[in-house]
Structure formats: structure tokens, C-alpha cells
Amino acid sequence: MELASYADYAVRLVNSEEPDRGTDALTSVDAVRALFGSPSRASALADESDLPRLRGVRVRLRGVFESAAEGDQVRAVDLLNSLMVEYPVSPLISGHDDLNEAGQPRWHLHLADNAPTAAANFTAVACMGLAIHLTEMGVDRLGICQAAPCRNAYLDTSTNRSRRYCSDRCATRANVAAYRARKREEAQRVALAG
């Protein structure tokens, strides 16, 4: 199990809202279940009470990404630590019904299957994944998209630590906007010179 991959849970939750655009996808129990990616015991626990809990966690996780993007590593870590204290991981080994070729269970780790709510499970897993990503890759690998008005969170997995956008779409949009701005400036200089 690649525990750092659970950092994507944090990104998914943060990006379920786009404050600068006034959109919020976290509006129903089905939206809570969709955050998990696939049906699970934890997603089956989802109910209306998880919506405000996850919205509150989302604000706090956005603070982690924004602090990291601003270079305030200590604040980013402090914010993440406070979430991990509040939503602890309680790992359990499980084999489910998945058997190997010899008929033995394929043992694997579940991080928070005994959490009392879907929100508690999701938050514990997301924070643990983000903590592993942060400690293995560095705080500077957490970012906020620089393409206005996007502001989505992302995990920088580039080899040269150069990621600035959440997606190729935002990168292209920002590059096209910069190109057009340069062309306007050139045209203005030519017009003033002529």
C-alpha cells in the first residue's frame, strides 16, 4: 500500500470548493461518498452530518496548502499536525475476501476503518497521506494553482520541483494569457514609437 497516495484525498477535498469562482461540489451525501473514489465501509457511513464536518476540514486543509505555497512551512506543518491530533489514524490489518494463489489472505493496512463517521475516516486518511507526502517530498511540494482564478490545490511530483499549476489546462491558459499580454505590450511599444 502506497500511503502517500492518500494525499490525493486531501487534494480532492480541498478542490471540492473553488472559493474564487463561488462553487462548492460538497453539497450532498453522494458528494461525500464520491470523495472516497470507490465504495467502502467508510463511504457507506456517510450521512448529512458529514457535510459540515468535511467543509470545516476542507477550510483547514486549504490553509495547509496555502501556507506551504506561501513558503510558511512551520504554519503548514502546525495546521496539519492539529488535524492529525483531532483525527487520529487507527490502523488495522485486513485480508477481506481477497486471496492469493495459495488461498491465503492478501494482508493490507487500513488506516481508519474503525472511525465512527465517514468524515472522520476520510480526514484521518487524507491527513496521514498528506503527512507522508510532506515528509518524504518536502513542504514545498504542496501548492496552490497560480492560474487565476483557479486556486486549486496540487501535489508537486515533478522531478525539478517546478510545478505551478494544478493541471495542464490551467498551465496552457496561463501561458496563452502571458503570450497575449506580451504581444499587446509589443504592439503598444510599436504604436508609441511610430
# chains A, B, ... in the order shown; residues from 1 in each chain; ligands from 1
>>> residues_around(residues="region 95-112 of chain A", least_positions_apart="5", cutoff="7 Å", atoms="only C-alpha atoms", output="PyMOL selection string")
chain A and resi 1+89-90+121+124-125
>>> residues_around(residues="Leu130 (chain A)", least_positions_apart="5", cutoff="9 Å", atoms="only C-alpha atoms", output="mmCIF file with C-alpha atoms, in the first residue's frame")
data_model
loop_
_atom_site.group_PDB
_atom_site.id
_atom_site.type_symbol
_atom_site.label_atom_id
_atom_site.label_comp_id
_atom_site.auth_asym_id
_atom_site.auth_seq_id
_atom_site.Cartn_x
_atom_site.Cartn_y
_atom_site.Cartn_z
ATOM 1 C CA LEU A 3 0.304 5.515 1.909
ATOM 2 C CA ALA A 4 1.477 8.754 0.312
ATOM 3 C CA SER A 5 -1.134 8.212 -2.413
ATOM 4 C CA TYR A 6 -3.765 9.070 0.191
ATOM 5 C CA ALA A 7 -2.542 12.654 -0.053
ATOM 6 C CA ASP A 8 -4.797 12.798 -3.114
ATOM 7 C CA TYR A 9 -7.735 12.599 -0.691
ATOM 8 C CA ALA A 10 -6.667 15.954 0.742
ATOM 9 C CA VAL A 11 -6.362 17.466 -2.733
ATOM 10 C CA LEU A 80 -1.638 19.569 9.507
ATOM 11 C CA VAL A 125 -6.674 9.025 5.796
ATOM 12 C CA THR A 135 7.752 14.387 4.991
ATOM 13 C CA LEU A 142 2.257 21.302 -1.727
#
>>> atom_distance(atom1="CA of Thr117 (chain A)", atom2="CA of Leu51 (chain A)")
11.1 Å
>>> closest_residue(among="A:Ala181, A:Cys145, A:Val85, A:Ala191", to="Arg169 (chain A)", atoms="only C-alpha atoms")
A:Cys145
>>> select_by_dssp(residues="region 39-126 of chain A", states="helix (DSSP H, G or I)", output="ChimeraX atom specification")
/A:41-44,50-69,73-86,118-126
>>> residues_around(residues="Arg75 (chain A)", least_positions_apart="5", cutoff="12 Å", atoms="only C-alpha atoms", output="list in words")
Arg60, Leu61, Gly63, Val64, Phe65, Glu66, Ser67, Ala68, Ala69, Glu70, Leu80, Asn81, Ser82 and Val139 of chain A
>>> closest_residue(among="A:Ala42, A:Leu83, A:Gly22, A:Asp168", to="Asp113 (chain A)", atoms="only C-alpha atoms")
A:Ala42
>>> residues_around(residues="Asp50 (chain A)", least_positions_apart="6", cutoff="9 Å", atoms="only C-alpha atoms", output="list in words")
Val29, Val32, Thr117, Ala118, Ala119 and Ala120 of chain A
>>> write_last_selection(atoms="all heavy atoms", output="mmCIF file, in the first residue's frame")
data_model
loop_
_atom_site.group_PDB
_atom_site.id
_atom_site.type_symbol
_atom_site.label_atom_id
_atom_site.label_comp_id
_atom_site.auth_asym_id
_atom_site.auth_seq_id
_atom_site.Cartn_x
_atom_site.Cartn_y
_atom_site.Cartn_z
ATOM 1 N N VAL A 29 -24.840 13.934 0.330
ATOM 2 C CA VAL A 29 -24.233 12.707 0.841
ATOM 3 C C VAL A 29 -23.542 11.963 -0.300
ATOM 4 O O VAL A 29 -22.464 11.392 -0.111
ATOM 5 C CB VAL A 29 -25.293 11.827 1.546
ATOM 6 C CG1 VAL A 29 -24.709 10.483 1.941
ATOM 7 C CG2 VAL A 29 -25.837 12.546 2.767
ATOM 8 N N VAL A 32 -20.156 13.314 -0.723
ATOM 9 C CA VAL A 32 -19.243 12.792 0.305
ATOM 10 C C VAL A 32 -18.757 11.415 -0.119
ATOM 11 O O VAL A 32 -17.561 11.128 -0.078
ATOM 12 C CB VAL A 32 -19.936 12.729 1.692
ATOM 13 C CG1 VAL A 32 -19.061 11.980 2.693
ATOM 14 C CG2 VAL A 32 -20.264 14.120 2.192
ATOM 15 N N THR A 117 -17.309 7.978 11.847
ATOM 16 C CA THR A 117 -18.063 8.645 10.772
ATOM 17 C C THR A 117 -17.258 8.612 9.486
ATOM 18 O O THR A 117 -16.036 8.425 9.495
ATOM 19 C CB THR A 117 -18.364 10.121 11.117
ATOM 20 O OG1 THR A 117 -17.113 10.835 11.156
ATOM 21 C CG2 THR A 117 -19.097 10.266 12.434
ATOM 22 N N ALA A 118 -17.952 8.838 8.385
ATOM 23 C CA ALA A 118 -17.267 8.928 7.092
ATOM 24 C C ALA A 118 -16.289 10.102 7.101
ATOM 25 O O ALA A 118 -15.172 9.999 6.596
ATOM 26 C CB ALA A 118 -18.286 9.078 5.965
ATOM 27 N N ALA A 119 -16.702 11.223 7.699
ATOM 28 C CA ALA A 119 -15.826 12.398 7.744
ATOM 29 C C ALA A 119 -14.560 12.116 8.541
ATOM 30 O O ALA A 119 -13.461 12.505 8.132
ATOM 31 C CB ALA A 119 -16.571 13.591 8.353
ATOM 32 N N ALA A 120 -14.694 11.430 9.671
ATOM 33 C CA ALA A 120 -13.517 11.109 10.491
ATOM 34 C C ALA A 120 -12.586 10.168 9.743
ATOM 35 O O ALA A 120 -11.365 10.339 9.777
ATOM 36 C CB ALA A 120 -13.947 10.491 11.817
#
>>> residues_around(residues="Cys150 (chain A)", least_positions_apart="6", cutoff="12 Å", atoms="only C-alpha atoms", output="compact mmCIF listing (two decimals) with N, CA, C and O atoms, in the first residue's frame")
# COMPACT_ATOMS: atom_id res chain seq x y z
N ASN A 15 -10.17 20.72 -3.33
CA ASN A 15 -10.63 21.15 -4.64
C ASN A 15 -12.13 20.94 -4.87
O ASN A 15 -12.63 21.26 -5.94
N SER A 16 -12.83 20.44 -3.86
CA SER A 16 -14.28 20.32 -3.99
C SER A 16 -14.96 21.69 -3.87
O SER A 16 -16.15 21.81 -4.10
N GLU A 17 -14.17 22.69 -3.55
CA GLU A 17 -14.67 24.06 -3.50
C GLU A 17 -13.72 24.95 -4.27
O GLU A 17 -12.50 24.81 -4.19
N GLU A 18 -14.28 25.87 -5.02
CA GLU A 18 -13.49 26.89 -5.70
C GLU A 18 -13.98 28.25 -5.20
O GLU A 18 -14.89 28.83 -5.79
N PRO A 19 -13.39 28.72 -4.11
CA PRO A 19 -13.90 29.95 -3.48
C PRO A 19 -13.92 31.16 -4.41
O PRO A 19 -14.86 31.94 -4.37
N ASP A 20 -12.90 31.32 -5.23
CA ASP A 20 -12.84 32.49 -6.11
C ASP A 20 -13.90 32.44 -7.21
O ASP A 20 -14.24 33.46 -7.80
N ARG A 21 -14.41 31.25 -7.50
CA ARG A 21 -15.46 31.10 -8.50
C ARG A 21 -16.83 30.92 -7.86
O ARG A 21 -17.83 30.85 -8.56
N GLY A 22 -16.86 30.77 -6.54
CA GLY A 22 -18.12 30.61 -5.83
C GLY A 22 -18.78 29.26 -6.04
O GLY A 22 -20.00 29.15 -5.96
N THR A 23 -17.99 28.21 -6.28
CA THR A 23 -18.57 26.89 -6.49
C THR A 23 -18.20 25.96 -5.34
O THR A 23 -17.12 26.06 -4.77
N ILE A 144 -0.67 25.72 -4.53
CA ILE A 144 -1.94 26.29 -4.96
C ILE A 144 -1.73 26.79 -6.38
O ILE A 144 -0.76 27.49 -6.66
N ARG A 164 3.61 24.69 -11.07
CA ARG A 164 2.96 25.92 -10.62
C ARG A 164 1.46 25.90 -10.84
O ARG A 164 0.76 26.79 -10.38
N TYR A 165 0.98 24.89 -11.55
CA TYR A 165 -0.44 24.82 -11.91
C TYR A 165 -1.01 23.46 -11.53
O TYR A 165 -0.30 22.46 -11.51
N CYS A 166 -2.33 23.44 -11.30
CA CYS A 166 -2.99 22.21 -10.88
C CYS A 166 -3.18 21.24 -12.03
O CYS A 166 -3.34 20.04 -11.81
N SER A 167 -3.18 21.74 -13.26
CA SER A 167 -3.47 20.88 -14.41
C SER A 167 -2.82 21.46 -15.67
O SER A 167 -2.41 22.63 -15.70
N ARG A 169 -4.46 22.10 -18.27
CA ARG A 169 -5.42 23.10 -18.75
C ARG A 169 -5.09 24.47 -18.17
O ARG A 169 -5.05 25.47 -18.91
N CYS A 170 -4.84 24.54 -16.86
CA CYS A 170 -4.51 25.82 -16.24
C CYS A 170 -3.15 26.33 -16.73
O CYS A 170 -2.98 27.53 -16.93
N ALA A 171 -2.20 25.44 -16.90
CA ALA A 171 -0.87 25.85 -17.40
C ALA A 171 -1.00 26.45 -18.80
O ALA A 171 -0.42 27.51 -19.08
N ARG A 173 -3.70 27.77 -20.21
CA ARG A 173 -4.45 29.03 -20.12
C ARG A 173 -3.53 30.16 -19.65
O ARG A 173 -3.55 31.26 -20.20
N ALA A 174 -2.71 29.90 -18.63
CA ALA A 174 -1.80 30.93 -18.11
C ALA A 174 -0.74 31.29 -19.15
O ALA A 174 -0.41 32.47 -19.32
>>> atom_distance(atom1="CA of Asp156 (chain A)", atom2="CA of Ile132 (chain A)")
13.7 Å
>>> select_by_dssp(residues="region 8-166 of chain A", states="strand (DSSP E)", output="list in words")
Glu17, Glu18, Thr23, Asp24, Leu92, Ile93, Ser94, His108, Leu109, His110, Leu142, Gly143, Ile144, Ala153, Tyr154 and Leu155 of chain A
>>> write_last_selection(atoms="N, CA, C and O atoms", output="PDB file, in the first residue's frame")
ATOM      1  N   GLU A  17     -14.168  22.688  -3.546  1.00  0.00           N
ATOM      2  CA  GLU A  17     -14.672  24.059  -3.497  1.00  0.00           C
ATOM      3  C   GLU A  17     -13.719  24.955  -4.271  1.00  0.00           C
ATOM      4  O   GLU A  17     -12.505  24.806  -4.188  1.00  0.00           O
ATOM      5  N   GLU A  18     -14.285  25.875  -5.019  1.00  0.00           N
ATOM      6  CA  GLU A  18     -13.490  26.888  -5.704  1.00  0.00           C
ATOM      7  C   GLU A  18     -13.982  28.247  -5.203  1.00  0.00           C
ATOM      8  O   GLU A  18     -14.890  28.831  -5.787  1.00  0.00           O
ATOM      9  N   THR A  23     -17.990  28.214  -6.284  1.00  0.00           N
ATOM     10  CA  THR A  23     -18.572  26.887  -6.491  1.00  0.00           C
ATOM     11  C   THR A  23     -18.200  25.963  -5.341  1.00  0.00           C
ATOM     12  O   THR A  23     -17.122  26.065  -4.769  1.00  0.00           O
ATOM     13  N   ASP A  24     -19.121  25.069  -5.026  1.00  0.00           N
ATOM     14  CA  ASP A  24     -18.927  24.084  -3.968  1.00  0.00           C
ATOM     15  C   ASP A  24     -19.583  22.784  -4.410  1.00  0.00           C
ATOM     16  O   ASP A  24     -20.802  22.728  -4.576  1.00  0.00           O
ATOM     17  N   LEU A  92      -5.511  -0.829  11.019  1.00  0.00           N
ATOM     18  CA  LEU A  92      -5.917  -2.221  11.186  1.00  0.00           C
ATOM     19  C   LEU A  92      -5.426  -3.022   9.997  1.00  0.00           C
ATOM     20  O   LEU A  92      -5.434  -2.527   8.869  1.00  0.00           O
ATOM     21  N   ILE A  93      -5.020  -4.254  10.250  1.00  0.00           N
ATOM     22  CA  ILE A  93      -4.623  -5.151   9.166  1.00  0.00           C
ATOM     23  C   ILE A  93      -5.865  -5.913   8.732  1.00  0.00           C
ATOM     24  O   ILE A  93      -6.628  -6.399   9.560  1.00  0.00           O
ATOM     25  N   SER A  94      -6.046  -6.005   7.433  1.00  0.00           N
ATOM     26  CA  SER A  94      -7.234  -6.664   6.907  1.00  0.00           C
ATOM     27  C   SER A  94      -6.849  -7.573   5.749  1.00  0.00           C
ATOM     28  O   SER A  94      -5.874  -7.329   5.054  1.00  0.00           O
ATOM     29  N   HIS A 108      -3.304  -6.352   4.081  1.00  0.00           N
ATOM     30  CA  HIS A 108      -3.006  -4.957   3.781  1.00  0.00           C
ATOM     31  C   HIS A 108      -3.486  -4.100   4.936  1.00  0.00           C
ATOM     32  O   HIS A 108      -4.234  -4.551   5.798  1.00  0.00           O
ATOM     33  N   LEU A 109      -3.051  -2.867   4.918  1.00  0.00           N
ATOM     34  CA  LEU A 109      -3.315  -1.954   6.016  1.00  0.00           C
ATOM     35  C   LEU A 109      -4.478  -1.028   5.676  1.00  0.00           C
ATOM     36  O   LEU A 109      -4.547  -0.478   4.576  1.00  0.00           O
ATOM     37  N   HIS A 110      -5.402  -0.883   6.619  1.00  0.00           N
ATOM     38  CA  HIS A 110      -6.449   0.131   6.550  1.00  0.00           C
ATOM     39  C   HIS A 110      -6.119   1.150   7.625  1.00  0.00           C
ATOM     40  O   HIS A 110      -5.804   0.797   8.754  1.00  0.00           O
ATOM     41  N   LEU A 142       3.687  21.028  -1.810  1.00  0.00           N
ATOM     42  CA  LEU A 142       2.257  21.302  -1.727  1.00  0.00           C
ATOM     43  C   LEU A 142       2.053  22.672  -2.345  1.00  0.00           C
ATOM     44  O   LEU A 142       2.761  23.611  -1.998  1.00  0.00           O
ATOM     45  N   GLY A 143       1.091  22.795  -3.237  1.00  0.00           N
ATOM     46  CA  GLY A 143       0.928  24.085  -3.894  1.00  0.00           C
ATOM     47  C   GLY A 143      -0.509  24.461  -4.158  1.00  0.00           C
ATOM     48  O   GLY A 143      -1.422  23.654  -4.044  1.00  0.00           O
ATOM     49  N   ILE A 144      -0.669  25.721  -4.526  1.00  0.00           N
ATOM     50  CA  ILE A 144      -1.944  26.289  -4.957  1.00  0.00           C
ATOM     51  C   ILE A 144      -1.729  26.791  -6.383  1.00  0.00           C
ATOM     52  O   ILE A 144      -0.757  27.490  -6.664  1.00  0.00           O
ATOM     53  N   ALA A 153      -5.705  23.194  -5.183  1.00  0.00           N
ATOM     54  CA  ALA A 153      -4.515  22.626  -4.542  1.00  0.00           C
ATOM     55  C   ALA A 153      -3.926  21.555  -5.459  1.00  0.00           C
ATOM     56  O   ALA A 153      -4.631  20.951  -6.264  1.00  0.00           O
ATOM     57  N   TYR A 154      -2.636  21.319  -5.318  1.00  0.00           N
ATOM     58  CA  TYR A 154      -1.986  20.236  -6.056  1.00  0.00           C
ATOM     59  C   TYR A 154      -0.782  19.729  -5.269  1.00  0.00           C
ATOM     60  O   TYR A 154      -0.287  20.384  -4.360  1.00  0.00           O
ATOM     61  N   LEU A 155      -0.347  18.535  -5.644  1.00  0.00           N
ATOM     62  CA  LEU A 155       0.875  17.935  -5.104  1.00  0.00           C
ATOM     63  C   LEU A 155       1.909  17.960  -6.215  1.00  0.00           C
ATOM     64  O   LEU A 155       1.671  17.408  -7.292  1.00  0.00           O
TER      65      LEU A 155
END
>>> atom_distance(atom1="CA of Pro116 (chain A)", atom2="CA of Val14 (chain A)")
21.9 Å
>>> closest_residue(among="A:Ser40, A:Ser28, A:Asn160, A:Gln146", to="Thr172 (chain A)", atoms="only C-alpha atoms")
A:Gln146
>>> closest_residue(among="A:Asp30, A:Leu35, A:Ala148, A:His133", to="Ala177 (chain A)", atoms="only C-alpha atoms")
A:Ala148
